[in-house]
file work-v2.pdb (PDB, C-alpha atoms)
ATOM      1  CA  MET S  55       0.000   0.000   0.000
ATOM      2  CA  ALA S  56       2.870   2.339   0.808
ATOM      3  CA  GLU S  57       4.432   1.617  -2.574
ATOM      4  CA  ALA S  58       1.148   2.428  -4.310
ATOM      5  CA  ALA S  59       0.882   5.714  -2.424
ATOM      6  CA  ARG S  60       4.427   6.662  -3.417
ATOM      7  CA  ALA S  61       3.661   5.763  -7.018
ATOM      8  CA  ARG S  62       0.573   7.979  -6.997
ATOM      9  CA  ARG S  63       2.538  10.870  -5.514
ATOM     10  CA  GLY S  64       5.276  10.400  -8.084
ATOM     11  CA  LYS S  65       2.759  10.326 -10.913
ATOM     12  CA  GLY S  66       1.203  13.547  -9.613
ATOM     13  CA  ARG S  67       4.579  15.288  -9.688
ATOM     14  CA  ALA S  68       5.252  14.066 -13.211
ATOM     15  CA  ASP S  69       1.883  15.265 -14.477
ATOM     16  CA  ASP S  70       2.452  18.619 -12.803
ATOM     17  CA  HIS S  71       5.840  18.894 -14.481
ATOM     18  CA  LEU S  72       4.318  18.232 -17.906
ATOM     19  CA  PHE S  73       1.651  20.918 -17.547
ATOM     20  CA  ASP S  74       2.626  23.797 -19.809
ATOM     21  CA  ARG S  75       2.145  27.042 -17.895
ATOM     22  CA  ASP S  76       4.219  29.332 -20.068
ATOM     23  CA  LEU S  77       2.808  28.389 -23.506
ATOM     24  CA  ASP S  78       5.878  29.881 -25.174
ATOM     25  CA  HIS S  79       5.035  28.138 -28.449
ATOM     26  CA  LEU S  80       1.893  30.275 -28.868
ATOM     27  CA  PRO S  81       1.682  33.815 -30.278
ATOM     28  CA  ALA S  82       1.393  36.407 -27.503
ATOM     29  CA  GLU S  83      -2.275  37.193 -28.180
ATOM     30  CA  VAL S  84      -3.295  33.519 -28.265
ATOM     31  CA  ARG S  85      -1.245  32.800 -25.124
ATOM     32  CA  TRP S  86      -2.958  35.642 -23.255
ATOM     33  CA  ARG S  87      -6.396  34.349 -24.300
ATOM     34  CA  GLU S  88      -5.545  30.852 -23.091
ATOM     35  CA  TRP S  89      -4.399  32.210 -19.747
ATOM     36  CA  MET S  90      -7.661  34.160 -19.472
ATOM     37  CA  ASN S  91      -9.656  31.005 -20.222
ATOM     38  CA  ARG S  92      -7.731  28.960 -17.672
ATOM     39  CA  ILE S  93      -8.214  31.516 -14.920
ATOM     40  CA  GLU S  94     -11.898  32.079 -15.637
ATOM     41  CA  ALA S  95     -12.579  28.333 -15.836
ATOM     42  CA  THR S  96     -10.770  27.676 -12.550
ATOM     43  CA  ILE S  97     -12.672  30.418 -10.715
ATOM     44  CA  PHE S  98     -15.970  29.320 -12.264
ATOM     45  CA  ALA S  99     -15.449  25.711 -11.130
ATOM     46  CA  ALA S 100     -14.397  26.564  -7.570
ATOM     47  CA  SER S 101     -16.863  26.700  -4.690
ATOM     48  CA  GLU S 102     -14.596  29.035  -2.686
ATOM     49  CA  PRO S 103     -12.721  32.192  -3.688
ATOM     50  CA  VAL S 104      -9.577  31.251  -5.639
ATOM     51  CA  THR S 105      -6.354  32.796  -4.373
ATOM     52  CA  ARG S 106      -3.568  34.376  -6.378
ATOM     53  CA  ASP S 107      -1.203  31.534  -5.448
ATOM     54  CA  THR S 108      -3.645  29.001  -6.878
ATOM     55  CA  LEU S 109      -4.015  30.915 -10.134
ATOM     56  CA  ALA S 110      -0.240  31.252 -10.443
ATOM     57  CA  ARG S 111      -0.030  27.472 -10.868
ATOM     58  CA  ILE S 112      -1.821  27.554 -14.219
ATOM     59  CA  VAL S 113      -0.215  30.543 -15.948
ATOM     60  CA  GLY S 114       3.316  31.499 -16.913
ATOM     61  CA  LYS S 115       5.675  33.454 -14.694
ATOM     62  CA  SER S 116       5.384  36.455 -17.008
ATOM     63  CA  CYS S 117       1.598  36.545 -16.663
ATOM     64  CA  ASN S 118       0.162  39.543 -14.807
ATOM     65  CA  ILE S 119      -2.824  38.054 -12.994
ATOM     66  CA  ASP S 120      -4.319  41.438 -12.143
ATOM     67  CA  LEU S 121      -4.362  42.445 -15.814
ATOM     68  CA  ILE S 122      -5.890  39.089 -16.731
ATOM     69  CA  ILE S 123      -8.656  39.637 -14.166
ATOM     70  CA  ASP S 124      -9.245  43.155 -15.526
ATOM     71  CA  ASP S 125      -9.632  41.781 -19.050
ATOM     72  CA  ILE S 126     -12.060  39.076 -17.916
ATOM     73  CA  ARG S 127     -14.143  41.604 -16.000
ATOM     74  CA  GLU S 128     -14.211  43.896 -19.030
ATOM     75  CA  GLU S 129     -15.674  41.055 -21.088
ATOM     76  CA  LEU S 130     -18.292  40.445 -18.398
ATOM     77  CA  ARG S 131     -19.650  43.997 -18.579
ATOM     78  CA  GLY S 132     -23.367  43.785 -19.242
ATOM     79  CA  ARG S 133     -23.527  40.198 -17.998
ATOM     80  CA  PRO S 134     -25.634  39.350 -14.894
ATOM     81  CA  TYR S 135     -22.544  38.180 -13.020
ATOM     82  CA  ASP S 136     -19.049  39.504 -12.342
ATOM     83  CA  LEU S 137     -15.625  38.373 -11.159
ATOM     84  CA  VAL S 138     -15.191  39.832  -7.680
ATOM     85  CA  ALA S 139     -12.243  40.079  -5.304
ATOM     86  CA  VAL S 140     -13.580  38.680  -2.052
ATOM     87  CA  ALA S 141     -12.213  36.857   1.026
ATOM     88  CA  GLY S 142      -8.638  36.885  -0.216
ATOM     89  CA  GLY S 143      -9.359  35.517  -3.687
ATOM     90  CA  TRP S 144     -11.644  35.844  -6.691
ATOM     91  CA  LYS S 145     -15.123  34.430  -7.178
ATOM     92  CA  HIS S 146     -17.930  34.622  -9.726
ATOM     93  CA  LEU S 147     -20.887  36.400  -8.123
ATOM     94  CA  THR S 148     -24.230  37.394  -9.585
ATOM     95  CA  ARG S 149     -24.939  41.095  -9.609
ATOM     96  CA  PRO S 150     -27.199  42.415  -6.801
ATOM     97  CA  ALA S 151     -29.766  43.667  -9.330
ATOM     98  CA  TYR S 152     -30.739  40.049 -10.056
ATOM     99  CA  ALA S 153     -31.172  38.903  -6.450
ATOM    100  CA  ASP S 154     -34.980  39.145  -6.583
ATOM    101  CA  ALA S 155     -35.136  37.175  -9.825
ATOM    102  CA  ILE S 156     -32.942  34.422  -8.383
ATOM    103  CA  ARG S 157     -35.003  34.194  -5.186
ATOM    104  CA  THR S 158     -38.211  34.043  -7.222
ATOM    105  CA  ALA S 159     -36.826  31.291  -9.450
ATOM    106  CA  VAL S 160     -35.095  29.024  -6.944
ATOM    107  CA  GLY S 161     -36.111  30.361  -3.536
ATOM    108  CA  ALA S 162     -33.863  31.421  -0.688
ATOM    109  CA  SER S 163     -30.920  29.308   0.352
ATOM    110  CA  GLU S 164     -31.548  26.690   3.014
ATOM    111  CA  ARG S 165     -29.639  28.713   5.555
ATOM    112  CA  THR S 166     -30.575  32.361   5.239
ATOM    113  CA  LEU S 167     -28.407  34.798   7.142
ATOM    114  CA  ASP S 168     -30.897  36.533   9.421
ATOM    115  CA  LEU S 169     -29.099  38.695  11.955
ATOM    116  CA  SER S 170     -30.712  40.995  14.465
ATOM    117  CA  GLN S 171     -29.571  44.597  14.692
ATOM    118  CA  SER S 172     -27.742  43.766  17.901
ATOM    119  CA  GLU S 173     -25.909  40.864  16.292
ATOM    120  CA  VAL S 174     -24.838  43.072  13.392
ATOM    121  CA  LEU S 175     -23.470  45.710  15.788
ATOM    122  CA  VAL S 176     -21.549  43.128  17.818
ATOM    123  CA  LEU S 177     -20.242  41.506  14.641
ATOM    124  CA  LEU S 178     -18.980  44.814  13.269
ATOM    125  CA  THR S 179     -17.343  45.625  16.600
ATOM    126  CA  ILE S 180     -15.509  42.302  16.481
ATOM    127  CA  ALA S 181     -14.495  43.012  12.882
ATOM    128  CA  TYR S 182     -12.989  46.386  13.737
ATOM    129  CA  PHE S 183     -11.315  45.507  17.032
ATOM    130  CA  GLN S 184     -10.403  41.830  16.796
ATOM    131  CA  PRO S 185      -9.122  39.946  18.598
ATOM    132  CA  ILE S 186     -11.550  40.981  21.310
ATOM    133  CA  THR S 187     -12.996  39.161  24.333
ATOM    134  CA  ARG S 188     -16.640  38.934  25.357
ATOM    135  CA  ALA S 189     -15.837  41.018  28.450
ATOM    136  CA  GLU S 190     -14.371  43.738  26.235
ATOM    137  CA  LEU S 191     -17.464  43.654  24.050
ATOM    138  CA  SER S 192     -19.629  43.996  27.148
ATOM    139  CA  SER S 193     -17.503  46.944  28.298
ATOM    140  CA  PHE S 194     -17.972  48.607  24.933
ATOM    141  CA  PHE S 195     -21.765  48.253  24.900
ATOM    142  CA  GLY S 196     -22.215  48.953  28.598
ATOM    143  CA  LYS S 197     -24.087  45.683  29.162
ATOM    144  CA  GLU S 198     -23.257  42.019  29.093
ATOM    145  CA  ILE S 199     -22.991  40.385  25.690
ATOM    146  CA  GLY S 200     -24.475  36.945  26.205
ATOM    147  CA  ARG S 201     -23.124  33.593  25.130
ATOM    148  CA  ASP S 202     -26.284  33.017  23.086
ATOM    149  CA  LEU S 203     -25.559  36.002  20.872
ATOM    150  CA  ILE S 204     -21.935  34.943  20.405
ATOM    151  CA  GLY S 205     -23.151  31.402  19.713
ATOM    152  CA  ASN S 206     -25.453  32.639  16.951
ATOM    153  CA  LEU S 207     -22.610  34.446  15.219
ATOM    154  CA  ARG S 208     -20.426  31.344  15.539
ATOM    155  CA  GLY S 209     -23.271  29.197  14.243
ATOM    156  CA  PHE S 210     -23.397  31.261  11.068
ATOM    157  CA  GLY S 211     -19.641  30.810  10.747
ATOM    158  CA  LEU S 212     -19.044  34.565  10.887
ATOM    159  CA  ILE S 213     -16.730  34.512  13.916
ATOM    160  CA  ALA S 214     -14.365  32.014  15.509
ATOM    161  CA  SER S 215     -12.199  31.759  18.598
ATOM    162  CA  GLY S 216      -8.993  33.735  18.387
ATOM    163  CA  PRO S 217      -5.889  33.616  20.600
ATOM    164  CA  ARG S 218      -6.318  33.678  24.343
ATOM    165  CA  SER S 219      -6.177  37.139  25.861
ATOM    166  CA  PRO S 220      -3.165  37.966  28.086
ATOM    167  CA  THR S 221      -5.608  39.316  30.699
ATOM    168  CA  PRO S 222      -6.286  37.401  33.949
ATOM    169  CA  GLY S 223      -8.003  34.077  33.301
ATOM    170  CA  ALA S 224      -6.745  34.062  29.693
ATOM    171  CA  PRO S 225     -10.233  34.225  28.139
ATOM    172  CA  TYR S 226     -10.699  33.409  24.484
ATOM    173  CA  THR S 227     -10.908  36.267  22.046
ATOM    174  CA  TYR S 228     -13.125  36.370  18.965
ATOM    175  CA  VAL S 229     -12.172  37.095  15.370
ATOM    176  CA  THR S 230     -14.079  37.244  12.122
ATOM    177  CA  THR S 231     -13.750  34.489   9.534
ATOM    178  CA  LYS S 232     -13.366  34.089   5.801
ATOM    179  CA  ALA S 233     -17.129  33.486   5.712
ATOM    180  CA  PHE S 234     -17.632  36.990   7.158
ATOM    181  CA  LEU S 235     -15.615  38.504   4.310
ATOM    182  CA  LEU S 236     -17.497  36.444   1.752
ATOM    183  CA  GLN S 237     -20.932  37.233   3.215
ATOM    184  CA  PHE S 238     -20.355  40.987   3.263
ATOM    185  CA  GLY S 239     -18.381  41.163   0.027
ATOM    186  CA  PHE S 240     -15.034  42.250   1.516
ATOM    187  CA  ASP S 241     -11.725  41.149   0.043
ATOM    188  CA  THR S 242      -9.854  41.883   3.282
ATOM    189  CA  LEU S 243     -10.639  43.585   6.587
ATOM    190  CA  ARG S 244      -9.065  46.718   5.148
ATOM    191  CA  ASP S 245     -12.244  47.059   3.081
ATOM    192  CA  LEU S 246     -14.326  47.811   6.175
ATOM    193  CA  PRO S 247     -15.905  51.257   5.775
ATOM    194  CA  ASP S 248     -13.578  54.169   6.524
ATOM    195  CA  ILE S 249     -11.313  52.114   8.785
ATOM    196  CA  GLU S 250      -8.120  53.691   7.442
ATOM    197  CA  LYS S 251      -9.448  57.237   7.730
ATOM    198  CA  LEU S 252     -10.617  56.623  11.275
ATOM    199  CA  GLU S 253      -7.279  55.088  12.241
ATOM    200  CA  ASP S 254      -5.301  57.919  10.627
ATOM    201  CA  ALA S 255      -7.448  60.464  12.448
ATOM    202  CA  GLY S 256      -6.875  58.684  15.758
ATOM    203  CA  LEU S 257     -10.601  58.075  16.185
ATOM    204  CA  LEU S 258     -10.561  54.297  15.838
ATOM    205  CA  SER S 259      -8.863  53.084  18.988
ATOM    206  CA  LYS S 260      -9.774  49.964  20.905
ATOM    207  CA  GLU S 261      -8.132  51.350  24.021
ATOM    208  CA  LYS S 262     -10.103  54.611  23.907
ATOM    209  CA  LEU S 263     -13.292  52.741  23.118
ATOM    210  CA  LEU S 264     -12.952  50.381  26.071
ATOM    211  CA  ALA S 265     -12.046  53.287  28.334
ATOM    212  CA  GLY S 266     -15.346  54.926  27.388
ATOM    213  CA  ASP S 267     -13.761  57.824  25.498
ATOM    214  CA  ILE S 268     -15.635  56.933  22.322
ATOM    215  CA  MET S 269     -19.254  55.825  22.577
ATOM    216  CA  PRO S 270     -21.554  56.893  19.738
ATOM    217  CA  ALA S 271     -24.979  57.673  21.148
ATOM    218  CA  PHE S 272     -26.857  55.496  18.687
ATOM    219  CA  PHE S 273     -25.137  52.369  20.001
ATOM    220  CA  ASN S 274     -26.789  52.846  23.393
ATOM    221  CA  ASP S 275     -30.209  52.817  21.763
ATOM    222  CA  GLU S 276     -29.566  49.914  19.416
ATOM    223  CA  VAL S 277     -28.226  47.381  21.928
ATOM    224  CA  GLU S 278     -31.184  47.329  24.276
ATOM    225  CA  ASP S 279     -32.204  43.905  22.998
ATOM    226  CA  VAL S 280     -28.728  42.320  23.183
ATOM    227  CA  GLY S 281     -29.207  38.824  24.561
ATOM    228  CA  THR S 282     -27.548  38.025  27.883
ATOM    229  CA  ASN S 283     -26.480  34.905  29.650
ATOM    230  CA  SER S 284     -25.213  35.076  33.185
ATOM    231  CA  ASP S 285     -23.035  31.966  32.849
ATOM    232  CA  GLU S 286     -19.361  32.785  32.540
TER     233      GLU S 286
END
call {"tool": "encode", "arguments": {"input": "work-v2.pdb", "output": "structure tokens"}}
result
Amino acid sequence: MAEAARARRGKGRADDHLFDRDLDHLPAEVRWREWMNRIEATIFAASEPVTRDTLARIVGKSCNIDLIIDDIREELRGRPYDLVAVAGGWKHLTRPAYADAIRTAVGASERTLDLSQSEVLVLLTIAYFQPITRAELSSFFGKEIGRDLIGNLRGFGLIASGPRSPTPGAPYTYVTTKAFLLQFGFDTLRDLPDIEKLEDAGLLSKEKLLAGDIMPAFFNDEVEDVGTNSDE
């Protein structure tokens, strides 16, 4: 069995070696078109966003992947779907204008993301200030953030446990996930609204927030229905 496994691994390496990435025998225009087709086909077939490293395996070293993506997107103008940078890679996504038509035709997905206003606020706070503990979240909102609310966000796959906090008791922190980026259409966390401007202006500070120096008034009104759970 071990010999068979080694043989399969060896065959895989040989096949990989024979795959022609550079296509030097083709005219430049034909080579570029083939690279475009390879990249679009790979992204179309993938269920998750395809990373740059993955795409680099199927094109030549001289290929500019960003320019390839630009050319593909240009050809998709006027189509009901686009090639979008999301969650650290690229993915085919239908355009928002056709959401109602899709829901009418095939119905909603089995697991619809239905977040309360409180859950959205907590989720965005985690996104901006991760890694952050539940106690820090409670300090921010001025009331306890319950395990049930955190459990709902985890159940949707939008957050996960991060590193343990260096504070007494070493509680777990929470961080957003790749599913969060995908759900909200962000490529990276740097795409969160105005985060760079707020940081540059010194307004976006976890330390100031937790010290109570920054507390937008509307948050106090919106978190009244935040679920609580007294169990620690």
call {"tool": "closest_residue", "arguments": {"input": "work-v2.pdb", "among": "S:Phe195, S:Phe73, S:Phe238, S:Trp144", "to": "S:Glu102", "atoms": "all atoms listed in the file"}}
result
S:Trp144
call {"tool": "residues_around", "arguments": {"input": "work-v2.pdb", "residues": "S:Asp241", "least_positions_apart": "6", "cutoff": "9 Å", "atoms": "only C-alpha atoms", "output": "ChimeraX atom specification"}}
result
/S:138-144,235
call {"tool": "residues_around", "arguments": {"input": "work-v2.pdb", "residues": "S:Leu243", "least_positions_apart": "6", "cutoff": "12 Å", "atoms": "all atoms listed in the file", "output": "mmCIF file with C-alpha atoms, keeping the file's coordinate frame"}}
result
data_model
loop_
_atom_site.group_PDB
_atom_site.id
_atom_site.type_symbol
_atom_site.label_atom_id
_atom_site.label_comp_id
_atom_site.auth_asym_id
_atom_site.auth_seq_id
_atom_site.Cartn_x
_atom_site.Cartn_y
_atom_site.Cartn_z
ATOM 1 C CA VAL S 140 -13.580 38.680 -2.052
ATOM 2 C CA ALA S 141 -12.213 36.857 1.026
ATOM 3 C CA GLY S 142 -8.638 36.885 -0.216
ATOM 4 C CA LEU S 178 -18.980 44.814 13.269
ATOM 5 C CA ILE S 180 -15.509 42.302 16.481
ATOM 6 C CA ALA S 181 -14.495 43.012 12.882
ATOM 7 C CA TYR S 182 -12.989 46.386 13.737
ATOM 8 C CA PHE S 183 -11.315 45.507 17.032
ATOM 9 C CA GLN S 184 -10.403 41.830 16.796
ATOM 10 C CA VAL S 229 -12.172 37.095 15.370
ATOM 11 C CA THR S 230 -14.079 37.244 12.122
ATOM 12 C CA THR S 231 -13.750 34.489 9.534
ATOM 13 C CA LYS S 232 -13.366 34.089 5.801
ATOM 14 C CA PHE S 234 -17.632 36.990 7.158
ATOM 15 C CA LEU S 235 -15.615 38.504 4.310
ATOM 16 C CA LEU S 236 -17.497 36.444 1.752
ATOM 17 C CA ILE S 249 -11.313 52.114 8.785
ATOM 18 C CA GLU S 250 -8.120 53.691 7.442
#
call {"tool": "atom_distance", "arguments": {"input": "work-v2.pdb", "atom1": "atom CA of S:Thr187", "atom2": "atom CA of S:Ser215"}}
result
9.4 Å
call {"tool": "closest_residue", "arguments": {"input": "work-v2.pdb", "among": "S:Asp248, S:Glu83, S:Asp154, S:Asp136", "to": "S:Phe98", "atoms": "only C-alpha atoms"}}
result
S:Asp136
call {"tool": "closest_residue", "arguments": {"input": "work-v2.pdb", "among": "S:Trp89, S:Phe194, S:Tyr152, S:Tyr135", "to": "S:Leu109", "atoms": "only C-alpha atoms"}}
result
S:Trp89
call {"tool": "closest_residue", "arguments": {"input": "work-v2.pdb", "among": "S:Leu175, S:Val113, S:Ala214, S:Ala151", "to": "S:Glu88", "atoms": "all atoms listed in the file"}}
result
S:Val113
call {"tool": "atom_distance", "arguments": {"input": "work-v2.pdb", "atom1": "atom CA of S:Ala110", "atom2": "atom CA of S:His79"}}
result
19.0 Å
call {"tool": "residues_near_point", "arguments": {"input": "work-v2.pdb", "point": "(-20.6, 42.3, -13.2)", "cutoff": "12 Å", "atoms": "all atoms listed in the file", "output": "list in words"}}
result
Asp124, Ile126, Arg127, Glu128, Glu129, Leu130, Arg131, Gly132, Arg133, Pro134, Tyr135, Asp136, Leu137, Val138, Ala139, Lys145, His146, Leu147, Thr148, Arg149, Pro150, Ala151 and Tyr152 of chain S
call {"tool": "closest_residue", "arguments": {"input": "work-v2.pdb", "among": "S:Thr105, S:Ala99, S:Gly114, S:Ile186", "to": "S:Asp78", "atoms": "all atoms listed in the file"}}
result
S:Gly114
call {"tool": "residues_around", "arguments": {"input": "work-v2.pdb", "residues": "S:Gly216", "least_positions_apart": "4", "cutoff": "7 Å", "atoms": "all atoms listed in the file", "output": "number ranges by chain"}}
result
S: 185, 226-229
call {"tool": "write_last_selection", "arguments": {"input": "work-v2.pdb", "atoms": "C-alpha atoms", "output": "PDB file, in the coordinates of the input"}}
result
ATOM      1  CA  PRO S 185      -9.122  39.946  18.598  1.00  0.00           C
ATOM      2  CA  TYR S 226     -10.699  33.409  24.484  1.00  0.00           C
ATOM      3  CA  THR S 227     -10.908  36.267  22.046  1.00  0.00           C
ATOM      4  CA  TYR S 228     -13.125  36.370  18.965  1.00  0.00           C
ATOM      5  CA  VAL S 229     -12.172  37.095  15.370  1.00  0.00           C
TER       6      VAL S 229
END
call {"tool": "resolve_selection", "arguments": {"input": "work-v2.pdb", "expression": "the PyMOL selection byres ((chain S and resi 174) around 12)", "output": "PyMOL selection string"}}
result
chain S and resi 167-173+175-181+203-204+206-207+212-213+234+238+273+276-277+280
call {"tool": "closest_residue", "arguments": {"input": "work-v2.pdb", "among": "S:Ala189, S:Ile119, S:Val84, S:Ile199", "to": "S:Pro222", "atoms": "only C-alpha atoms"}}
result
S:Ala189
call {"tool": "atom_distance", "arguments": {"input": "work-v2.pdb", "atom1": "atom CA of S:Ile112", "atom2": "atom CA of S:Thr242"}}
result
24.0 Å
